[in-house]
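Raw contents of final.cif, mmCIF, C-alpha atoms and all ligand atoms:
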```cif
data_final
#
loop_
_atom_site.label_atom_id
_atom_site.label_comp_id
_atom_site.auth_asym_id
_atom_site.auth_seq_id
_atom_site.Cartn_x
_atom_site.Cartn_y
_atom_site.Cartn_z
CA MET A 1 131.41 90.90 152.69
CA HIS A 2 134.40 89.79 154.77
CA LEU A 3 136.49 86.98 153.31
CA THR A 4 139.37 84.97 154.75
CA LYS A 5 142.20 83.54 152.63
CA SER A 6 140.57 80.07 152.63
CA GLU A 7 137.16 81.53 151.70
CA ILE A 8 138.80 83.38 148.79
CA GLU A 9 140.46 80.12 147.70
CA GLY A 10 137.06 78.38 147.90
CA LEU A 11 135.30 80.87 145.60
CA ASP A 12 134.19 79.87 142.12
CA LYS A 13 137.20 80.34 139.79
CA VAL A 14 135.70 83.11 137.64
CA LYS A 15 134.27 84.96 140.65
CA ARG A 16 137.66 84.85 142.41
CA LEU A 17 139.43 86.04 139.27
CA ASN A 18 137.01 88.96 138.81
CA MET A 19 137.15 89.95 142.45
CA ILE A 20 140.92 89.80 142.94
CA ASN A 21 141.50 91.52 139.60
CA SER A 22 139.29 94.44 140.69
CA VAL A 23 140.60 95.17 144.17
CA THR A 24 143.59 97.25 143.16
CA GLY A 25 141.42 99.96 141.59
CA ILE A 26 141.55 101.46 138.11
CA LYS A 27 144.35 100.09 135.97
CA PRO A 28 145.74 101.67 132.80
CA ALA A 29 144.28 100.49 129.50
CA ASN A 30 146.99 99.88 126.90
CA LEU A 31 147.47 98.03 123.65
CA ILE A 32 150.91 96.54 123.08
CA GLY A 33 151.91 96.50 119.42
CA THR A 34 154.58 94.15 118.08
CA ALA A 35 155.78 92.53 114.85
CA SER A 36 157.41 89.16 114.32
CA ALA A 37 160.76 88.74 112.57
CA LEU A 38 158.67 87.90 109.48
CA LEU A 39 156.78 91.23 109.86
CA GLN A 40 153.49 89.66 111.01
CA THR A 41 151.96 92.33 113.27
CA ASN A 42 150.21 91.67 116.59
CA LEU A 43 148.19 93.81 119.00
CA ALA A 44 146.98 92.85 122.48
CA ILE A 45 145.40 94.58 125.48
CA PHE A 46 147.36 94.75 128.75
CA SER A 47 146.20 96.31 132.02
CA SER A 48 149.39 95.67 134.00
CA VAL A 49 151.65 98.35 132.52
CA VAL A 50 153.46 100.15 135.31
CA HIS A 51 156.02 102.94 135.46
CA LEU A 52 159.28 101.69 137.01
CA GLY A 53 161.34 104.88 136.99
CA SER A 54 161.76 108.09 135.04
CA ASN A 55 165.56 108.42 134.79
CA PRO A 56 166.09 106.35 132.74
CA ALA A 57 162.43 106.17 131.67
CA LEU A 58 161.42 102.54 132.26
CA MET A 59 158.08 100.74 132.04
CA GLY A 60 157.15 97.20 133.01
CA PHE A 61 154.21 94.92 132.39
CA ILE A 62 153.21 91.52 133.67
CA ILE A 63 152.99 88.67 131.18
CA ARG A 64 151.01 85.54 132.02
CA PRO A 65 152.89 82.21 132.21
CA VAL A 66 154.74 81.47 129.00
CA GLY A 67 154.48 77.92 127.67
CA GLU A 68 150.84 76.96 128.36
CA VAL A 69 149.55 78.94 125.36
CA PRO A 70 151.47 80.93 122.74
CA ARG A 71 152.26 84.46 123.91
CA HIS A 72 152.62 86.29 120.61
CA THR A 73 153.38 89.66 122.19
CA TYR A 74 156.24 88.31 124.27
CA GLU A 75 157.63 86.10 121.47
CA ASN A 76 157.70 89.11 119.13
CA ILE A 77 159.38 91.31 121.74
CA LEU A 78 162.13 88.71 122.19
CA ALA A 79 162.48 88.35 118.41
CA THR A 80 162.74 92.06 117.53
CA GLY A 81 163.69 93.78 120.80
CA VAL A 82 161.04 96.49 120.38
CA TYR A 83 157.34 97.10 121.07
CA THR A 84 154.86 99.94 121.43
CA ILE A 85 152.54 100.81 124.33
CA ASN A 86 149.43 102.66 123.14
CA ALA A 87 146.87 104.15 125.56
CA ILE A 88 143.31 103.15 124.66
CA PRO A 89 140.84 105.96 123.89
CA GLN A 90 137.31 105.55 125.27
CA ASN A 91 135.78 105.28 121.80
CA MET A 92 137.93 102.23 120.96
CA ILE A 93 137.34 100.00 124.02
CA GLU A 94 135.22 97.42 122.21
CA GLY A 95 137.86 96.65 119.59
CA ALA A 96 140.62 96.90 122.19
CA HIS A 97 138.88 94.31 124.36
CA ARG A 98 138.58 91.95 121.39
CA THR A 99 142.37 91.90 120.94
CA SER A 100 142.46 89.62 124.03
CA ALA A 101 140.93 86.74 122.05
CA LYS A 102 143.35 83.97 121.10
CA TYR A 103 143.78 84.81 117.44
CA ASP A 104 145.99 82.65 115.29
CA ARG A 105 149.54 83.95 114.77
CA SER A 106 148.73 84.62 111.09
CA VAL A 107 145.91 87.03 112.04
CA SER A 108 146.75 90.65 112.87
CA GLU A 109 144.52 92.09 115.60
CA PHE A 110 145.15 95.51 114.01
CA GLU A 111 142.99 94.59 111.05
CA GLU A 112 140.71 92.18 112.90
CA CYS A 113 139.80 94.63 115.70
CA GLY A 114 139.69 97.92 113.77
CA PHE A 115 143.06 99.58 114.43
CA THR A 116 145.52 101.19 112.02
CA GLU A 117 149.25 100.46 112.00
CA GLU A 118 151.57 103.48 112.10
CA TYR A 119 155.38 103.38 111.88
CA LEU A 120 158.34 105.53 112.78
CA GLU A 121 161.29 105.25 110.45
CA GLY A 122 163.93 102.91 111.84
CA PHE A 123 161.60 101.46 114.50
CA ALA A 124 160.23 97.99 113.72
CA ALA A 125 157.21 97.86 116.05
CA PRO A 126 153.79 99.16 114.93
CA PHE A 127 152.08 102.02 116.79
CA VAL A 128 148.29 102.38 116.98
CA GLN A 129 147.28 105.41 114.91
CA GLU A 130 144.02 105.86 116.88
CA SER A 131 145.84 106.15 120.23
CA PRO A 132 146.52 109.71 121.47
CA LEU A 133 149.37 108.66 123.82
CA LYS A 134 152.03 106.22 122.62
CA LEU A 135 155.39 104.91 123.68
CA GLY A 136 158.06 103.26 121.54
CA MET A 137 159.85 100.75 123.78
CA LYS A 138 163.15 98.88 123.68
CA TYR A 139 163.17 95.55 125.53
CA VAL A 140 165.57 95.45 128.51
CA GLU A 141 164.96 92.29 130.57
CA THR A 142 162.47 89.83 132.03
CA ILE A 143 162.17 89.21 135.76
CA PRO A 144 160.49 85.85 136.47
CA ILE A 145 157.95 85.67 139.31
CA PRO A 146 158.28 81.98 140.31
CA ILE A 147 155.30 81.83 142.69
CA ASN A 148 152.79 81.88 139.80
CA GLY A 149 154.90 81.62 136.65
CA THR A 150 154.22 85.18 135.50
CA SER A 151 157.03 87.58 134.55
CA LEU A 152 157.74 91.29 134.70
CA VAL A 153 158.86 92.47 131.26
CA ILE A 154 160.95 95.63 131.47
CA GLY A 155 161.56 98.09 128.66
CA ALA A 156 163.15 101.51 128.14
CA VAL A 157 161.23 104.39 126.55
CA GLU A 158 162.68 105.32 123.15
CA TYR A 159 159.81 107.55 121.97
CA LEU A 160 156.90 109.35 123.68
CA ILE A 161 154.21 110.64 121.33
CA VAL A 162 151.34 112.83 122.62
CA ALA A 163 149.53 115.98 121.45
CA ASP A 164 151.19 119.16 122.81
CA GLU A 165 147.82 120.48 124.11
CA ALA A 166 147.56 117.59 126.59
CA VAL A 167 150.92 118.32 128.22
CA ALA A 168 151.00 120.91 131.04
CA GLU A 169 153.86 123.36 131.56
CA ASN A 170 155.17 121.15 134.40
CA GLY A 171 155.13 118.02 132.22
CA TYR A 172 151.95 116.36 133.46
CA ILE A 173 149.88 114.68 130.78
CA ASN A 174 146.15 115.27 131.22
CA LEU A 175 144.52 111.87 130.71
CA GLU A 176 141.00 113.31 130.89
CA THR A 177 141.44 115.63 127.91
CA LEU A 178 142.86 112.69 125.93
CA HIS A 179 139.60 110.79 126.69
CA LEU A 180 141.51 107.70 127.76
CA ALA A 181 139.88 104.63 129.28
CA GLY A 182 140.72 102.82 132.54
CA ILE A 183 140.18 99.14 133.38
CA SER A 184 138.81 97.29 136.37
CA GLY A 185 139.18 93.51 136.44
CA LEU A 186 139.32 91.96 133.00
CA ASN A 187 136.21 93.37 131.34
CA ASN A 188 135.03 96.59 132.99
CA TYR A 189 136.02 99.89 131.42
CA TYR A 190 135.86 103.37 132.95
CA SER A 191 136.30 106.96 131.86
CA LEU A 192 138.82 109.14 133.70
CA GLU A 193 138.00 112.41 135.43
CA LYS A 194 140.68 114.61 136.95
CA ILE A 195 139.52 115.65 140.41
CA GLY A 196 142.56 117.30 142.00
CA GLU A 197 146.16 118.49 141.74
CA PHE A 198 148.43 119.25 144.69
CA PRO A 199 152.03 120.41 145.14
CA TYR A 200 154.73 117.95 146.29
CA ALA A 201 153.76 116.96 149.84
CA ARG A 202 156.14 117.91 152.62
CA VAL A 203 155.92 117.49 156.36
CA LYS A 204 155.05 120.92 157.75
CA SER A 205 157.66 122.41 160.10
CA LYS A 206 156.17 123.74 163.36
C1 LIG B 1 141.29 93.95 130.19
C2 LIG B 1 142.36 92.95 129.91
C3 LIG B 1 143.63 93.11 130.46
C4 LIG B 1 144.66 92.18 130.23
N1 LIG B 1 145.89 92.37 130.78
C5 LIG B 1 146.86 91.44 130.60
C6 LIG B 1 148.13 91.59 131.22
O1 LIG B 1 148.40 92.56 131.91
N2 LIG B 1 149.05 90.60 131.01
C7 LIG B 1 148.80 89.50 130.23
O2 LIG B 1 149.68 88.63 130.08
N3 LIG B 1 147.60 89.37 129.62
C8 LIG B 1 146.63 90.29 129.78
N4 LIG B 1 145.43 90.15 129.17
C9 LIG B 1 145.24 89.00 128.28
C10 LIG B 1 145.83 89.24 126.89
O3 LIG B 1 145.22 90.38 126.28
C11 LIG B 1 145.58 87.98 126.03
O4 LIG B 1 146.26 86.88 126.62
C12 LIG B 1 146.02 88.15 124.61
O5 LIG B 1 145.52 87.04 123.89
C13 LIG B 1 147.52 88.18 124.44
O6 LIG B 1 147.76 88.24 123.08
P1 LIG B 1 149.06 87.69 122.37
O7 LIG B 1 149.11 86.19 122.53
O8 LIG B 1 148.85 88.13 120.97
O9 LIG B 1 150.21 88.34 123.04
C14 LIG B 1 144.40 91.05 129.41
C15 LIG B 1 143.12 90.88 128.85
C16 LIG B 1 142.11 91.81 129.11
C17 LIG B 1 140.75 91.62 128.49
#
```
Produce structure tokens that represent the structure in this file.
Ligand SMILES: Cc1cc2nc3c(=O)[nH]c(=O)nc-3n(C[C@H](O)[C@H](O)[C@H](O)COP(=O)(O)O)c2cc1C
Amino acid sequence: MHLTKSEIEGLDKVKRLNMINSVTGIKPANLIGTASALLQTNLAIFSSVVHLGSNPALMGFIIRPVGEVPRHTYENILATGVYTINAIPQNMIEGAHRTSAKYDRSVSEFEECGFTEEYLEGFAAPFVQESPLKLGMKYVETIPIPINGTSLVIGAVEYLIVADEAVAENGYINLETLHLAGISGLNNYYSLEKIGEFPYARVKSK
């Protein structure tokens, strides 16, 4: 297959969406947990979480255009200033996928999709008990992306929760031993296998 820009634009909508969503490779599989000001909890799957820097520790994710349909995750983040990012274990992908359905605001995807709320004292957003790698996040800012109406939502890491056994001496977290899932497109899930580790690359002096 060899497609030009106009051929891509001419593809059937769903085919184009699936294809363009898959080309960047395996994306992280995360559930973002939030609560409204009235303590109604919400959980939704996001594949666009990206690390923006480690000092300070910052993460971003892309939110679809706000306004067309209610975006409960984003509304709750603006209302409370906090959220959680929970890596999805392979044995929970079916329920995690279902959190993407447009549930009514009064329905909590935690209960509806088989996840358990877990709290840290003094932190208003719910964590996912079943997740082996979780972040407690404080909202920082939103960067609009005018070309398609999406936005980059930036947050600072307040808490990092992971089993000690999965963290190497040098700080690396082994995603394979945590049995985490990866995502391709919007509905294909993968397992993760570690296949290499190399020292910091430097240009060799002659
Ligand atoms: C695999 C997968 C990945 C997704 N990633 C994103 C994403 O990165 N950004 C986004 O805005 N929506 C994403 N969605 C869609 C949201 O999960 C969906 O809009 C959900 O209803 C949002 O819930 P909320 O309204 O409770 O926030 C994804 C859906 C699936 C199935």
Subject >> A:Gly81 environment, 10 Å, all atoms listed in the file, sequence neighbours closer than 5 positions dropped, as a PyMOL selection string >> reply: chain A and resi 34-35+74-76+124-125+137-141+155
Quick one: which chain A residues come within 6 Å of ligand LIG 1 (chain B), and what is the nearest atom pair for each with the distance in Å to one decimal, counting all atoms listed in the file, rows ordered by chain and ascending number, as CSV?
```
residue,atom,partner,partner_atom,distance
A:Asn42,CA,B:LIG1,O8,5.8
A:Ala44,CA,B:LIG1,O6,4.7
A:Ile45,CA,B:LIG1,O3,4.3
A:Phe46,CA,B:LIG1,N1,3.5
A:Ser47,CA,B:LIG1,N1,4.1
A:Ser48,CA,B:LIG1,O1,3.9
A:Ile62,CA,B:LIG1,N2,5.0
A:Ile63,CA,B:LIG1,O2,3.5
A:Arg64,CA,B:LIG1,O2,3.9
A:Pro70,CA,B:LIG1,O7,5.8
A:Arg71,CA,B:LIG1,O7,3.8
A:His72,CA,B:LIG1,O9,4.0
A:Thr73,CA,B:LIG1,O9,3.5
A:His97,CA,B:LIG1,C17,5.3
A:Ser100,CA,B:LIG1,O3,3.6
A:Ala101,CA,B:LIG1,O5,5.0
A:Lys102,CA,B:LIG1,O5,4.7
A:Leu186,CA,B:LIG1,C1,4.0
A:Asn187,CA,B:LIG1,C1,5.2
```
Original post:
Counting all atoms listed in the file, what is within 9 Å of A:Leu192, bar same-chain residues fewer than 4 positions away, as a list in words?
Top reply: Leu175, Glu176, His179, Leu180, Ala181 and Gly182 of chain A
Original post:
Got a sec: who's within 12 Å of A:Lys134, counting all atoms listed in the file, leaving out chain neighbours fewer than 2 positions off, as a ChimeraX atom specification?
Top reply: /A:29-33,83-89,118-120,125-132,136-137,157-163,173,178,180
Would you place a box with edges along x, y and z of the file around all atoms of stretch 137-150 of chain A listed there, add 6 Å to each of its six sides, and report the centre and edge lengths in Å to one decimal, as JSON?
```
{"center_x": 159.2, "center_y": 91.2, "center_z": 133.2, "size_x": 24.8, "size_y": 31.1, "size_z": 31.0}
```
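Counting only C-alpha atoms, the residue from A:Glu109, A:Met1, A:Val23, A:Gly10 that sits nearest to A:Gly185 is A:Val23.
In this comparison, which uses only C-alpha atoms, the residue of A:His2, A:Tyr103, A:Ala156, A:Glu197 approaching A:Gly53 most closely is A:Ala156.
You will find atom CA of A:Ile195 at 21.4 Å from atom CA of A:Asp164.
Rounded to one decimal, atom CA of A:Ile77 and atom CA of A:Glu111 lie 19.8 Å from each other.
Distance check against A:Val49 using all atoms listed in the file: of A:Ile183, A:Ser36, A:Lys5, A:Met19, the minimum falls on A:Ile183.
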Polymer residues at most 10 Å from A:Gly114, only C-alpha atoms, same-chain spacing of 4 or more positions, as a short mmCIF file (atom, residue, chain, number, x, y, z; two decimals) with C-alpha atoms, in the coordinates of the input:
```cif
data_model
loop_
_atom_site.label_atom_id
_atom_site.label_comp_id
_atom_site.auth_asym_id
_atom_site.auth_seq_id
_atom_site.Cartn_x
_atom_site.Cartn_y
_atom_site.Cartn_z
CA MET A 92 137.93 102.23 120.96
CA GLU A 94 135.22 97.42 122.21
CA GLY A 95 137.86 96.65 119.59
CA ALA A 96 140.62 96.90 122.19
CA ARG A 98 138.58 91.95 121.39
CA THR A 99 142.37 91.90 120.94
CA GLU A 109 144.52 92.09 115.60
CA PHE A 110 145.15 95.51 114.01
CA GLU A 130 144.02 105.86 116.88
#
```
Subject >> Minimum-distance residue to A:Ile145, chosen among A:Tyr190, A:Tyr200, A:Val66, A:Cys113 (using all atoms listed in the file) >> reply: A:Val66
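Atom CA of A:Thr41 sits 5.5 Å away from atom CA of A:Ser108.
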**OP:** Find, counting all atoms listed in the file, the residue in A:Glu7, A:Phe61, A:Thr150, A:Glu117 that gets nearest to A:Pro28.
**Re:** A:Phe61
**OP:** Identify which of the residues A:Leu38, A:Val107, A:Ile93, A:Leu11 lies closest to A:Thr80, counting only C-alpha atoms when measuring atom-to-atom distances.
**Re:** A:Leu38
